[in-house]
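Peer 1: Structure supplied as coords38.pdb; contents: PDB, C-alpha atoms, pLDDT in the B column.
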ATOM      1  CA  ALA B  15       0.000   0.000   0.000  1.00 77.00           C
ATOM      2  CA  GLN B  16       1.122   3.513  -0.697  1.00 87.00           C
ATOM      3  CA  LYS B  17       1.771   6.109   1.956  1.00 94.00           C
ATOM      4  CA  VAL B  18       2.642   9.784   1.669  1.00 97.00           C
ATOM      5  CA  THR B  19       4.120  11.835   4.493  1.00 98.00           C
ATOM      6  CA  GLN B  20       4.232  15.598   4.618  1.00 98.00           C
ATOM      7  CA  ALA B  21       5.936  16.275   7.902  1.00 95.00           C
ATOM      8  CA  GLN B  22       5.491  20.042   7.803  1.00 97.00           C
ATOM      9  CA  THR B  23       2.013  20.940   9.007  1.00 97.00           C
ATOM     10  CA  GLU B  24       2.376  24.693   8.650  1.00 98.00           C
ATOM     11  CA  ILE B  25       5.029  26.993   7.239  1.00 98.00           C
ATOM     12  CA  SER B  26       5.077  30.739   7.596  1.00 98.00           C
ATOM     13  CA  VAL B  27       7.376  32.912   5.508  1.00 97.00           C
ATOM     14  CA  VAL B  28       7.743  36.508   4.502  1.00 97.00           C
ATOM     15  CA  GLU B  29       7.232  37.472   0.892  1.00 97.00           C
ATOM     16  CA  LYS B  30      10.246  36.892  -1.375  1.00 97.00           C
ATOM     17  CA  GLU B  31      11.633  34.144   0.805  1.00 98.00           C
ATOM     18  CA  ASP B  32      12.268  30.755  -0.763  1.00 98.00           C
ATOM     19  CA  VAL B  33      10.376  27.875   0.782  1.00 98.00           C
ATOM     20  CA  THR B  34      10.594  24.084   0.371  1.00 98.00           C
ATOM     21  CA  LEU B  35       7.733  21.728   1.080  1.00 98.00           C
ATOM     22  CA  ASP B  36       8.805  18.184   1.862  1.00 98.00           C
ATOM     23  CA  CYS B  37       7.151  14.998   0.657  1.00 98.00           C
ATOM     24  CA  VAL B  38       8.212  11.438   1.400  1.00 98.00           C
ATOM     25  CA  TYR B  39       6.387   8.526  -0.181  1.00 97.00           C
ATOM     26  CA  GLU B  40       6.240   4.782   0.275  1.00 95.00           C
ATOM     27  CA  THR B  41       5.217   2.347  -2.422  1.00 91.00           C
ATOM     28  CA  ARG B  42       5.960  -1.203  -3.464  1.00 88.00           C
ATOM     29  CA  ASP B  43       5.212  -0.495  -7.099  1.00 84.00           C
ATOM     30  CA  THR B  44       8.123  -0.234  -9.473  1.00 83.00           C
ATOM     31  CA  THR B  45       6.176   2.175 -11.649  1.00 83.00           C
ATOM     32  CA  TYR B  46       4.288   4.898  -9.873  1.00 87.00           C
ATOM     33  CA  TYR B  47       3.129   8.479 -10.251  1.00 89.00           C
ATOM     34  CA  LEU B  48       3.500  11.393  -7.886  1.00 93.00           C
ATOM     35  CA  PHE B  49       1.499  14.590  -7.848  1.00 94.00           C
ATOM     36  CA  TRP B  50       1.434  17.984  -6.185  1.00 97.00           C
ATOM     37  CA  TYR B  51      -1.777  19.953  -5.783  1.00 97.00           C
ATOM     38  CA  LYS B  52      -2.519  23.409  -4.403  1.00 97.00           C
ATOM     39  CA  GLN B  53      -5.718  24.026  -2.469  1.00 97.00           C
ATOM     40  CA  PRO B  54      -6.766  27.659  -1.974  1.00 94.00           C
ATOM     41  CA  PRO B  55      -9.576  28.506   0.469  1.00 90.00           C
ATOM     42  CA  SER B  56     -12.166  27.974  -2.254  1.00 88.00           C
ATOM     43  CA  GLY B  57     -11.528  24.241  -1.979  1.00 91.00           C
ATOM     44  CA  GLU B  58     -10.552  23.280  -5.483  1.00 92.00           C
ATOM     45  CA  LEU B  59      -7.447  21.145  -5.817  1.00 95.00           C
ATOM     46  CA  VAL B  60      -5.316  22.801  -8.457  1.00 95.00           C
ATOM     47  CA  PHE B  61      -2.995  20.462 -10.315  1.00 94.00           C
ATOM     48  CA  LEU B  62       0.657  21.543 -10.229  1.00 95.00           C
ATOM     49  CA  ILE B  63       2.726  18.619 -11.458  1.00 92.00           C
ATOM     50  CA  ARG B  64       2.752  14.902 -12.205  1.00 90.00           C
ATOM     51  CA  ARG B  65       5.985  12.941 -12.093  1.00 89.00           C
ATOM     52  CA  ASN B  66       6.477   9.388 -13.361  1.00 86.00           C
ATOM     53  CA  SER B  67       8.793   7.135 -11.392  1.00 87.00           C
ATOM     54  CA  PHE B  68      10.950   6.400 -14.425  1.00 84.00           C
ATOM     55  CA  ASP B  69      11.682  10.077 -15.017  1.00 82.00           C
ATOM     56  CA  GLU B  70      13.965  11.452 -12.324  1.00 79.00           C
ATOM     57  CA  GLN B  71      14.618  14.767 -14.007  1.00 81.00           C
ATOM     58  CA  ASN B  72      13.928  17.713 -11.797  1.00 83.00           C
ATOM     59  CA  GLU B  73      11.477  20.210 -13.168  1.00 85.00           C
ATOM     60  CA  ILE B  74      11.189  23.969 -13.036  1.00 86.00           C
ATOM     61  CA  SER B  75       8.116  25.975 -13.902  1.00 88.00           C
ATOM     62  CA  GLY B  76       8.550  29.658 -13.285  1.00 93.00           C
ATOM     63  CA  ARG B  77       9.037  30.159  -9.547  1.00 95.00           C
ATOM     64  CA  TYR B  78       8.163  26.505  -8.859  1.00 96.00           C
ATOM     65  CA  SER B  79      10.624  23.635  -8.904  1.00 94.00           C
ATOM     66  CA  TRP B  80      10.466  20.007  -7.918  1.00 94.00           C
ATOM     67  CA  ASN B  81      13.243  17.716  -6.740  1.00 95.00           C
ATOM     68  CA  PHE B  82      12.480  14.021  -7.248  1.00 94.00           C
ATOM     69  CA  GLN B  83      14.910  11.598  -5.606  1.00 93.00           C
ATOM     70  CA  LYS B  84      14.070   7.902  -5.755  1.00 92.00           C
ATOM     71  CA  SER B  85      17.009   7.026  -3.506  1.00 92.00           C
ATOM     72  CA  THR B  86      15.354   8.832  -0.595  1.00 95.00           C
ATOM     73  CA  SER B  87      11.740   8.408  -1.800  1.00 95.00           C
ATOM     74  CA  SER B  88      11.255  12.131  -1.745  1.00 96.00           C
ATOM     75  CA  PHE B  89       9.501  14.551  -4.056  1.00 96.00           C
ATOM     76  CA  ASN B  90      10.080  18.017  -2.632  1.00 97.00           C
ATOM     77  CA  PHE B  91       8.562  21.233  -3.905  1.00 97.00           C
ATOM     78  CA  THR B  92      10.315  24.610  -3.776  1.00 97.00           C
ATOM     79  CA  ILE B  93       8.779  28.018  -4.327  1.00 97.00           C
ATOM     80  CA  THR B  94      11.338  30.684  -5.117  1.00 97.00           C
ATOM     81  CA  ALA B  95      10.661  34.289  -4.140  1.00 97.00           C
ATOM     82  CA  SER B  96       7.328  33.442  -2.547  1.00 97.00           C
ATOM     83  CA  GLN B  97       4.330  35.713  -2.996  1.00 97.00           C
ATOM     84  CA  VAL B  98       1.181  36.259  -0.959  1.00 96.00           C
ATOM     85  CA  VAL B  99      -0.814  34.498  -3.702  1.00 96.00           C
ATOM     86  CA  ASP B 100       1.138  31.331  -2.932  1.00 97.00           C
ATOM     87  CA  SER B 101      -0.647  31.071   0.417  1.00 97.00           C
ATOM     88  CA  ALA B 102      -2.622  27.832   0.341  1.00 97.00           C
ATOM     89  CA  VAL B 103      -2.528  24.230   1.466  1.00 98.00           C
ATOM     90  CA  TYR B 104      -0.282  22.052  -0.663  1.00 98.00           C
ATOM     91  CA  PHE B 105      -0.790  18.330  -1.045  1.00 98.00           C
ATOM     92  CA  CYS B 106       1.574  15.678  -2.276  1.00 98.00           C
ATOM     93  CA  ALA B 107      -0.003  12.466  -3.551  1.00 96.00           C
ATOM     94  CA  CYS B 108       0.915   9.080  -4.952  1.00 94.00           C
ATOM     95  CA  LEU B 109      -1.207   7.193  -7.443  1.00 88.00           C
ATOM     96  CA  GLY B 110      -2.258   3.741  -6.337  1.00 69.00           C
ATOM     97  CA  GLY B 111      -4.665   1.476  -8.112  1.00 65.00           C
ATOM     98  CA  TYR B 112      -7.233   2.737 -10.565  1.00 65.00           C
ATOM     99  CA  ASN B 113      -6.959   6.481 -10.292  1.00 73.00           C
ATOM    100  CA  LYS B 114      -6.797   6.224  -6.510  1.00 86.00           C
ATOM    101  CA  LEU B 115      -4.681   9.026  -5.143  1.00 92.00           C
ATOM    102  CA  ILE B 116      -3.129   8.589  -1.723  1.00 94.00           C
ATOM    103  CA  PHE B 117      -2.655  12.039  -0.242  1.00 97.00           C
ATOM    104  CA  GLY B 118      -0.359  13.364   2.397  1.00 97.00           C
ATOM    105  CA  ALA B 119      -1.830  15.403   5.227  1.00 97.00           C
ATOM    106  CA  GLY B 120      -0.956  18.633   3.470  1.00 98.00           C
ATOM    107  CA  THR B 121       1.235  21.604   4.333  1.00 98.00           C
ATOM    108  CA  ARG B 122      -0.385  24.957   4.996  1.00 98.00           C
ATOM    109  CA  LEU B 123       1.791  27.740   3.619  1.00 98.00           C
ATOM    110  CA  ALA B 124       1.272  31.299   4.789  1.00 98.00           C
ATOM    111  CA  VAL B 125       3.158  34.010   2.952  1.00 97.00           C
ATOM    112  CA  HIS B 126       3.097  37.357   4.717  1.00 97.00           C
ATOM    113  CA  PRO B 127       3.708  40.718   3.056  1.00 95.00           C
TER     114      PRO B 127
ATOM    115  CA  LYS Z  19     -11.866  23.993 -22.146  1.00 56.00           C
ATOM    116  CA  ALA Z  20     -14.254  23.590 -19.237  1.00 73.00           C
ATOM    117  CA  GLY Z  21     -12.917  22.008 -16.099  1.00 92.00           C
ATOM    118  CA  VAL Z  22     -14.528  19.533 -13.757  1.00 96.00           C
ATOM    119  CA  THR Z  23     -17.906  20.865 -12.688  1.00 97.00           C
ATOM    120  CA  GLN Z  24     -19.567  19.927  -9.430  1.00 97.00           C
ATOM    121  CA  THR Z  25     -23.040  20.786  -8.223  1.00 97.00           C
ATOM    122  CA  PRO Z  26     -24.250  21.939  -5.842  1.00 97.00           C
ATOM    123  CA  ARG Z  27     -21.398  23.921  -4.347  1.00 96.00           C
ATOM    124  CA  TYR Z  28     -22.911  24.272  -0.919  1.00 97.00           C
ATOM    125  CA  LEU Z  29     -25.683  22.427   0.814  1.00 97.00           C
ATOM    126  CA  ILE Z  30     -27.044  21.862   4.280  1.00 98.00           C
ATOM    127  CA  LYS Z  31     -28.869  18.679   5.183  1.00 98.00           C
ATOM    128  CA  THR Z  32     -30.411  17.240   8.303  1.00 98.00           C
ATOM    129  CA  ARG Z  33     -29.319  14.005   9.942  1.00 98.00           C
ATOM    130  CA  GLY Z  34     -31.111  11.037   8.442  1.00 98.00           C
ATOM    131  CA  GLN Z  35     -31.670  12.663   5.079  1.00 98.00           C
ATOM    132  CA  GLN Z  36     -29.966  11.624   1.902  1.00 98.00           C
ATOM    133  CA  VAL Z  37     -27.994  13.717  -0.567  1.00 98.00           C
ATOM    134  CA  THR Z  38     -26.956  13.420  -4.202  1.00 98.00           C
ATOM    135  CA  LEU Z  39     -23.937  15.234  -5.581  1.00 98.00           C
ATOM    136  CA  SER Z  40     -23.217  15.624  -9.266  1.00 98.00           C
ATOM    137  CA  CYS Z  41     -20.013  15.804 -11.248  1.00 98.00           C
ATOM    138  CA  SER Z  42     -19.391  16.561 -14.912  1.00 98.00           C
ATOM    139  CA  PRO Z  43     -15.862  15.606 -15.949  1.00 96.00           C
ATOM    140  CA  ILE Z  44     -13.686  17.409 -18.430  1.00 93.00           C
ATOM    141  CA  SER Z  45     -14.914  16.754 -21.944  1.00 92.00           C
ATOM    142  CA  GLY Z  46     -13.452  13.519 -23.246  1.00 89.00           C
ATOM    143  CA  HIS Z  47     -12.467  12.222 -19.821  1.00 90.00           C
ATOM    144  CA  ARG Z  48     -13.877   8.816 -19.015  1.00 90.00           C
ATOM    145  CA  SER Z  49     -12.649   8.235 -15.485  1.00 90.00           C
ATOM    146  CA  VAL Z  50     -14.321   9.927 -12.549  1.00 94.00           C
ATOM    147  CA  SER Z  51     -13.317   9.514  -8.935  1.00 94.00           C
ATOM    148  CA  TRP Z  52     -14.639  10.937  -5.686  1.00 97.00           C
ATOM    149  CA  TYR Z  53     -12.878  12.028  -2.512  1.00 97.00           C
ATOM    150  CA  GLN Z  54     -14.010  13.145   0.902  1.00 98.00           C
ATOM    151  CA  GLN Z  55     -12.035  15.804   2.728  1.00 98.00           C
ATOM    152  CA  THR Z  56     -12.456  16.418   6.450  1.00 96.00           C
ATOM    153  CA  PRO Z  57     -10.204  18.223   8.937  1.00 92.00           C
ATOM    154  CA  GLY Z  58      -9.688  15.038  10.916  1.00 91.00           C
ATOM    155  CA  GLN Z  59      -9.181  12.445   8.190  1.00 94.00           C
ATOM    156  CA  GLY Z  60      -7.814  14.562   5.376  1.00 96.00           C
ATOM    157  CA  LEU Z  61      -8.417  13.542   1.781  1.00 97.00           C
ATOM    158  CA  GLN Z  62      -9.821  10.056   1.436  1.00 96.00           C
ATOM    159  CA  PHE Z  63     -10.708   8.122  -1.692  1.00 95.00           C
ATOM    160  CA  LEU Z  64     -14.342   7.120  -2.032  1.00 97.00           C
ATOM    161  CA  PHE Z  65     -14.637   5.366  -5.396  1.00 93.00           C
ATOM    162  CA  GLU Z  66     -13.668   5.507  -9.036  1.00 92.00           C
ATOM    163  CA  TYR Z  67     -15.674   4.883 -12.181  1.00 93.00           C
ATOM    164  CA  PHE Z  68     -14.584   4.210 -15.705  1.00 90.00           C
ATOM    165  CA  SER Z  69     -17.014   3.554 -18.558  1.00 89.00           C
ATOM    166  CA  GLU Z  70     -19.915   3.262 -16.126  1.00 94.00           C
ATOM    167  CA  THR Z  71     -18.154   0.590 -14.044  1.00 93.00           C
ATOM    168  CA  GLN Z  72     -16.949   1.031 -10.501  1.00 93.00           C
ATOM    169  CA  ARG Z  73     -13.349  -0.147 -10.532  1.00 89.00           C
ATOM    170  CA  ASN Z  74     -12.214   0.756  -7.072  1.00 88.00           C
ATOM    171  CA  LYS Z  75     -13.836   1.608  -3.779  1.00 92.00           C
ATOM    172  CA  GLY Z  76     -12.450   3.126  -0.619  1.00 93.00           C
ATOM    173  CA  ASN Z  77     -13.137   2.140   2.945  1.00 94.00           C
ATOM    174  CA  PHE Z  78     -16.511   3.770   3.430  1.00 97.00           C
ATOM    175  CA  PRO Z  79     -19.825   2.314   4.612  1.00 97.00           C
ATOM    176  CA  GLY Z  80     -22.479   1.206   2.174  1.00 96.00           C
ATOM    177  CA  ARG Z  81     -24.360   4.462   2.752  1.00 98.00           C
ATOM    178  CA  PHE Z  82     -21.962   5.957   0.243  1.00 98.00           C
ATOM    179  CA  SER Z  83     -22.705   4.971  -3.313  1.00 97.00           C
ATOM    180  CA  GLY Z  84     -22.156   6.309  -6.772  1.00 97.00           C
ATOM    181  CA  ARG Z  85     -22.743   5.752 -10.411  1.00 97.00           C
ATOM    182  CA  GLN Z  86     -21.539   6.926 -13.774  1.00 97.00           C
ATOM    183  CA  PHE Z  87     -23.634   7.573 -16.839  1.00 97.00           C
ATOM    184  CA  SER Z  88     -22.872   6.868 -20.465  1.00 96.00           C
ATOM    185  CA  ASN Z  89     -21.785  10.485 -20.985  1.00 95.00           C
ATOM    186  CA  SER Z  90     -19.237  10.024 -18.144  1.00 95.00           C
ATOM    187  CA  ARG Z  91     -21.110  12.302 -15.787  1.00 97.00           C
ATOM    188  CA  SER Z  92     -21.192  10.888 -12.281  1.00 98.00           C
ATOM    189  CA  GLU Z  93     -23.283  11.165  -9.165  1.00 98.00           C
ATOM    190  CA  MET Z  94     -22.597  10.120  -5.636  1.00 98.00           C
ATOM    191  CA  ASN Z  95     -25.225   9.520  -3.016  1.00 98.00           C
ATOM    192  CA  VAL Z  96     -25.038   9.440   0.732  1.00 98.00           C
ATOM    193  CA  SER Z  97     -28.030   7.987   2.531  1.00 96.00           C
ATOM    194  CA  THR Z  98     -29.029   8.324   6.175  1.00 97.00           C
ATOM    195  CA  LEU Z  99     -26.713  11.258   6.723  1.00 98.00           C
ATOM    196  CA  GLU Z 100     -24.693  11.505   9.900  1.00 98.00           C
ATOM    197  CA  LEU Z 101     -23.015  14.535  11.432  1.00 97.00           C
ATOM    198  CA  GLY Z 102     -19.650  13.026  10.539  1.00 97.00           C
ATOM    199  CA  ASP Z 103     -20.516  13.145   6.856  1.00 98.00           C
ATOM    200  CA  SER Z 104     -20.027  16.907   6.915  1.00 98.00           C
ATOM    201  CA  ALA Z 105     -17.154  17.425   4.536  1.00 98.00           C
ATOM    202  CA  LEU Z 106     -15.907  18.764   1.252  1.00 97.00           C
ATOM    203  CA  TYR Z 107     -16.630  16.227  -1.479  1.00 98.00           C
ATOM    204  CA  LEU Z 108     -14.285  16.484  -4.422  1.00 97.00           C
ATOM    205  CA  CYS Z 109     -14.721  14.968  -7.830  1.00 97.00           C
ATOM    206  CA  ALA Z 110     -11.791  14.299 -10.129  1.00 95.00           C
ATOM    207  CA  SER Z 111     -11.575  13.308 -13.765  1.00 93.00           C
ATOM    208  CA  SER Z 112      -8.892  11.856 -15.954  1.00 89.00           C
ATOM    209  CA  LEU Z 113      -8.641  10.830 -19.556  1.00 84.00           C
ATOM    210  CA  THR Z 114      -8.231   7.126 -19.263  1.00 73.00           C
ATOM    211  CA  ILE Z 115      -6.492   4.383 -17.362  1.00 60.00           C
ATOM    212  CA  PRO Z 116      -3.841   6.080 -15.250  1.00 52.00           C
ATOM    213  CA  ARG Z 117      -1.166   3.480 -15.599  1.00 54.00           C
ATOM    214  CA  ASP Z 118      -0.887   3.511 -19.351  1.00 53.00           C
ATOM    215  CA  SER Z 119       2.461   4.446 -20.783  1.00 45.00           C
ATOM    216  CA  SER Z 120       1.550   8.069 -21.283  1.00 53.00           C
ATOM    217  CA  GLY Z 121       0.669   8.530 -17.692  1.00 52.00           C
ATOM    218  CA  ASN Z 122      -2.406  10.361 -16.643  1.00 76.00           C
ATOM    219  CA  THR Z 123      -3.182  13.688 -15.051  1.00 86.00           C
ATOM    220  CA  ILE Z 124      -6.037  13.881 -12.601  1.00 90.00           C
ATOM    221  CA  TYR Z 125      -7.972  17.141 -12.415  1.00 93.00           C
ATOM    222  CA  PHE Z 126     -10.290  18.151  -9.610  1.00 95.00           C
ATOM    223  CA  GLY Z 127     -13.421  20.222  -9.403  1.00 95.00           C
ATOM    224  CA  GLU Z 128     -14.176  22.913  -6.849  1.00 94.00           C
ATOM    225  CA  GLY Z 129     -16.009  20.474  -4.629  1.00 96.00           C
ATOM    226  CA  SER Z 130     -19.341  20.339  -2.869  1.00 97.00           C
ATOM    227  CA  TRP Z 131     -19.406  21.560   0.709  1.00 97.00           C
ATOM    228  CA  LEU Z 132     -21.866  19.438   2.674  1.00 98.00           C
ATOM    229  CA  THR Z 133     -22.965  20.378   6.168  1.00 98.00           C
ATOM    230  CA  VAL Z 134     -25.099  17.941   8.146  1.00 98.00           C
ATOM    231  CA  VAL Z 135     -27.003  19.430  11.092  1.00 97.00           C
TER     232      VAL Z 135
END
In structure tokens, how does this file's structure come out?
Peer 2:
Amino acid sequence: AQKVTQAQTEISVVEKEDVTLDCVYETRDTTYYLFWYKQPPSGELVFLIRRNSFDEQNEISGRYSWNFQKSTSSFNFTITASQVVDSAVYFCACLGGYNKLIFGAGTRLAVHP
Amino acid sequence: KAGVTQTPRYLIKTRGQQVTLSCSPISGHRSVSWYQQTPGQGLQFLFEYFSETQRNKGNFPGRFSGRQFSNSRSEMNVSTLELGDSALYLCASSLTIPRDSSGNTIYFGEGSWLTVV
């Protein structure tokens, strides 16, 4: 069975600081998929990234970057030069079974002006 | 391109009643899954449908049921509501089988906020 751990419950930073959200996963599958979602107060889960287990390349999208390391079963998410609009709850998830996402507990990020 | 649409957005029900929530997936998507989000339990998988067939079900009592129609739209039903059923119910859609070689991205709707009083 899959398991996802987001050890950071809440993070508070000041605007323009860099911040890293940690994600550690457990799975017995040799092929698996990892996701990050952002949840603003409205409730919608906004898709940020999907990573396949056979592709260990790190990815950068604007101020967002992801560091995938199979050796440590981690898929960390970094926001560079954070902004107030980045304030939200962020979820890491692992795909198990037919479209069954196993979510971490989430990390609440507060970016203060 | 329209996203995943869920209705209603907010609703209040009384204990013992039943509720039906609706989800329209992204056009062309054939897989629909449902999740319950509560402060205590976090995000939990309810069930997943593909081509009108339930392929996977989470650990929820039989009061929770769902179905998918031929146009891929889905509904979930909760009967004999309990206070603990108060939650955000999220619907997600994806194109096809997630473990095919091209991978699969799962998109969520805005959710239905259910309050049971």
Peer 1: Of the candidates Z:Asn74, Z:Gln54, Z:Thr98, Z:Gln24, which one gets nearest to chain B if we count only C-alpha atoms?
Peer 2: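 Smallest distance to chain B is found for Z:Asn74.
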Peer 1: Skip Glu40 of chain B itself and residues of its chain fewer than 3 positions away, then list as a ChimeraX atom specification all residues within 7 Å of it, counting only C-alpha atoms.
Peer 2: /B:16-18,87
Peer 1: Please write the residues picked by the ChimeraX specification (/Z :<12) & /B on this file as a PyMOL selection string.
Peer 2: chain B and resi 18+43-69+103+105-121
Peer 1: At most 8 Å from (-3.3, 27.3, 6.2), file frame, all atoms listed in the file: which residues, as a list of chain:residue names?
Peer 2: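 Applying the cut-off with all atoms listed in the file, one gets B:Glu24, B:Ser101, B:Ala102, B:Val103, B:Thr121, B:Arg122, B:Leu123, B:Ala124.
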Peer 1: Please measure the separation of atom CA of Phe82 of chain Z and atom CA of Ser104 of chain Z, giving the value in Å to one decimal.
Peer 2: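 That distance, rounded to one decimal, is 13.0 Å.
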Peer 1: Would you mind listing what lies within 8 Å of Trp80 of chain B as a ChimeraX atom specification, with only C-alpha atoms counted and same-chain residues fewer than 6 positions away left out?
Peer 2: /B:72-74,89-92
Peer 1: What separation in Å, quoted to one decimal, exists between atom CA of Glu70 of chain Z and atom CA of Gln86 of chain Z?
Peer 2: 4.6 Å
Peer 1: Using Å and a single decimal, report how far atom CA of Arg85 of chain Z sits from atom CA of Gln36 of chain Z.
Peer 2: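 Interatomic distance, atom CA of Gln36 of chain Z to atom CA of Arg85 of chain Z: 15.4 Å.
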Peer 1: Could you work out an axis-aligned bounding box for all listed atoms of segment 91-97 of chain Z, with 5 Å added on each of the six sides, and give its centre and edge lengths in Å to one decimal, as JSON?
Peer 2:
{"center_x": -24.6, "center_y": 10.1, "center_z": -6.6, "size_x": 16.9, "size_y": 14.3, "size_z": 28.3}
